[in-house]
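J.: One file: my_file_9.cif (mmCIF, C-alpha atoms).
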data_coords
loop_
_atom_site.group_PDB
_atom_site.id
_atom_site.type_symbol
_atom_site.label_atom_id
_atom_site.label_comp_id
_atom_site.auth_asym_id
_atom_site.auth_seq_id
_atom_site.Cartn_x
_atom_site.Cartn_y
_atom_site.Cartn_z
ATOM 1 C CA MET A 1 51.317 97.486 21.693
ATOM 2 C CA THR A 2 53.708 100.294 22.529
ATOM 3 C CA SER A 3 56.146 100.282 25.403
ATOM 4 C CA GLN A 4 54.106 103.077 27.038
ATOM 5 C CA SER A 5 50.969 100.919 27.130
ATOM 6 C CA LEU A 6 52.949 97.911 28.388
ATOM 7 C CA VAL A 7 54.279 99.951 31.292
ATOM 8 C CA GLU A 8 50.799 101.286 32.032
ATOM 9 C CA ALA A 9 49.333 97.777 32.013
ATOM 10 C CA TYR A 10 52.108 96.555 34.299
ATOM 11 C CA LEU A 11 51.543 99.417 36.747
ATOM 12 C CA TYR A 12 47.761 98.902 36.763
ATOM 13 C CA GLY A 13 48.375 95.245 37.562
ATOM 14 C CA LEU A 14 50.815 96.190 40.304
ATOM 15 C CA PHE A 15 48.348 98.643 41.872
ATOM 16 C CA THR A 16 45.552 96.079 41.618
ATOM 17 C CA ALA A 17 47.627 93.435 43.391
ATOM 18 C CA ALA A 18 48.710 95.918 46.071
ATOM 19 C CA SER A 19 45.115 97.009 46.694
ATOM 20 C CA LEU A 20 43.926 93.400 46.941
ATOM 21 C CA THR A 21 46.751 92.626 49.368
ATOM 22 C CA ALA A 22 45.756 95.567 51.555
ATOM 23 C CA ALA A 23 42.117 94.454 51.406
ATOM 24 C CA LEU A 24 43.073 90.949 52.535
ATOM 25 C CA PHE A 25 45.144 92.298 55.422
ATOM 26 C CA PHE A 26 42.285 94.495 56.607
ATOM 27 C CA LEU A 27 39.887 91.570 56.250
ATOM 28 C CA ARG A 28 42.174 89.440 58.403
ATOM 29 C CA PHE A 29 42.363 92.207 61.034
ATOM 30 C CA TRP A 30 38.562 92.461 60.962
ATOM 31 C CA ARG A 31 38.179 88.711 61.503
ATOM 32 C CA GLN A 32 40.467 88.898 64.533
ATOM 33 C CA SER A 33 38.990 91.987 66.189
ATOM 34 C CA ARG A 34 35.487 92.376 64.676
ATOM 35 C CA GLU A 35 36.208 96.114 64.447
ATOM 36 C CA GLY A 36 33.994 97.638 61.762
ATOM 37 C CA LEU A 37 36.708 100.064 60.673
ATOM 38 C CA PHE A 38 38.789 97.202 59.278
ATOM 39 C CA CYS A 39 35.845 95.741 57.381
ATOM 40 C CA ILE A 40 35.070 99.067 55.731
ATOM 41 C CA PHE A 41 38.745 99.584 54.870
ATOM 42 C CA ALA A 42 38.810 96.113 53.275
ATOM 43 C CA ALA A 43 35.784 97.015 51.156
ATOM 44 C CA ALA A 44 37.367 100.328 50.146
ATOM 45 C CA PHE A 45 40.590 98.677 49.030
ATOM 46 C CA ALA A 46 38.604 96.055 47.117
ATOM 47 C CA LEU A 47 36.885 98.918 45.275
ATOM 48 C CA LEU A 48 40.270 100.480 44.528
ATOM 49 C CA ALA A 49 41.465 97.128 43.161
ATOM 50 C CA ALA A 50 38.378 96.923 40.956
ATOM 51 C CA ASN A 51 39.043 100.482 39.796
ATOM 52 C CA ASN A 52 42.623 99.676 38.772
ATOM 53 C CA GLY A 53 41.659 96.372 37.175
ATOM 54 C CA LEU A 54 38.903 97.996 35.162
ATOM 55 C CA ALA A 55 41.243 100.757 34.049
ATOM 56 C CA ALA A 56 43.770 98.144 32.903
ATOM 57 C CA PHE A 57 41.207 96.282 30.811
ATOM 58 C CA LEU A 58 39.758 99.442 29.303
ATOM 59 C CA GLY A 59 43.173 100.811 28.418
ATOM 60 C CA GLY A 60 43.274 103.777 30.771
ATOM 61 C CA ASP A 61 41.149 105.831 33.068
ATOM 62 C CA GLU A 62 39.722 108.269 30.562
ATOM 63 C CA TYR A 63 36.191 106.980 31.192
ATOM 64 C CA PRO A 64 34.415 109.060 33.868
ATOM 65 C CA ALA A 65 32.559 106.020 35.239
ATOM 66 C CA ILE A 66 35.852 104.544 36.446
ATOM 67 C CA TYR A 67 36.231 107.456 38.839
ATOM 68 C CA LEU A 68 32.972 106.505 40.575
ATOM 69 C CA LEU A 69 34.634 103.395 42.029
ATOM 70 C CA ARG A 70 37.516 105.501 43.319
ATOM 71 C CA LEU A 71 35.088 108.072 44.726
ATOM 72 C CA ALA A 72 33.082 105.349 46.473
ATOM 73 C CA ALA A 73 36.267 103.938 48.032
ATOM 74 C CA PHE A 74 37.373 107.312 49.368
ATOM 75 C CA VAL A 75 33.895 108.106 50.686
ATOM 76 C CA LEU A 76 33.908 104.750 52.505
ATOM 77 C CA ILE A 77 37.283 105.539 54.074
ATOM 78 C CA ILE A 78 36.193 109.012 55.174
ATOM 79 C CA CYS A 79 32.908 107.716 56.610
ATOM 80 C CA ALA A 80 34.703 104.920 58.485
ATOM 81 C CA ILE A 81 37.179 107.334 60.050
ATOM 82 C CA LEU A 82 34.445 109.799 61.004
ATOM 83 C CA ARG A 83 32.326 107.001 62.454
ATOM 84 C CA LYS A 84 35.244 105.758 64.527
ATOM 85 C CA ASN A 85 36.241 109.226 65.785
ATOM 86 C CA LEU A 86 32.735 110.492 66.506
ATOM 87 C CA ALA A 87 31.746 107.377 68.480
ATOM 88 C CA GLY A 88 33.289 108.883 71.594
ATOM 89 C CA PRO A 89 35.436 107.249 74.219
ATOM 90 C CA LYS A 90 34.533 103.746 75.226
ATOM 91 C CA SER A 91 33.837 103.067 78.847
ATOM 92 C CA LEU A 92 35.920 100.387 80.516
#
I'd like the structure from this file rewritten - as structure tokens, please.

T.:
Amino acid sequence: MTSQSLVEAYLYGLFTAASLTAALFFLRFWRQSREGLFCIFAAAFALLAANNGLAAFLGGDEYPAIYLLRLAAFVLIICAILRKNLAGPKSL
């Protein structure tokens, strides 16, 4: 194993752990507020963690199927933001 691949594996692991941490934070915020935006963000970051973990095990992200997880995560984030902003103001 070359030093380049060791660094790549370390960084994929770091990004996976960071994405899982963000997903857990958003899940905790969702449990406290029951706001759907946080639940969708948690799912998106879980998909990003799966993307990075899969790329680490496959030795890189040269497989096009890996990008589908990343695309799904970003589509979830965009849809959640649009849903939240287009809902309109809440009445008191």

J.: Residues within 12 Å of A:Glu35, please, as a list in words. Count only C-alpha atoms; anything in the same chain fewer than 5 positions from it doesn't count.

T.: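 Residues near the query, excluding close chain neighbours: Phe26, Leu27, Arg28, Phe29, Trp30, Ile40, Phe41, Ala42, Ala80, Arg83 and Lys84 of chain A.
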
J.: Given only C-alpha atoms as the basis, pick out the residue of A:Gly36, A:Glu62, A:Leu54, A:Ala22 nearest to A:Cys79.

T.: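 Checking each candidate against A:Cys79, we get A:Gly36 as the closest.
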
J.: Please identify all polymer residues within 12 Å of A:Phe45, counting all atoms listed in the file, omitting same-chain residues fewer than 3 positions from it, and present them as number ranges by chain.

T.: A: 15-27, 38-42, 48-52, 69-77

J.: Could you please determine the separation between atom CA of A:Ala9 and atom CA of A:Ala44 in Å, to one decimal place?

T.: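 So the two atoms, atom CA of A:Ala9 and atom CA of A:Ala44, lie 21.9 Å apart.
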
J.: Could you tell me how far atom CA of A:Ala87 lies from atom CA of A:Leu37, in Å and to one decimal?

T.: 11.8 Å

J.: What separation in Å, quoted to one decimal, exists between atom CA of A:Ile66 and atom CA of A:Leu47?

T.: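 Interatomic distance here is 10.5 Å.
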
J.: Determine the nearest neighbour of A:Gly59 from the options A:Ala46, A:Val7, A:Leu86, A:Leu14, counting only C-alpha atoms.

T.: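 Closest to A:Gly59 of all the choices is A:Val7.
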
J.: Pick the closest to A:Tyr10 from A:Ala55, A:Ala43, A:Ile78, A:Leu68: which is it, counting all atoms listed in the file?

T.: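 Nearest candidate to A:Tyr10 out of A:Ala55, A:Ala43, A:Ile78, A:Leu68: A:Ala55.
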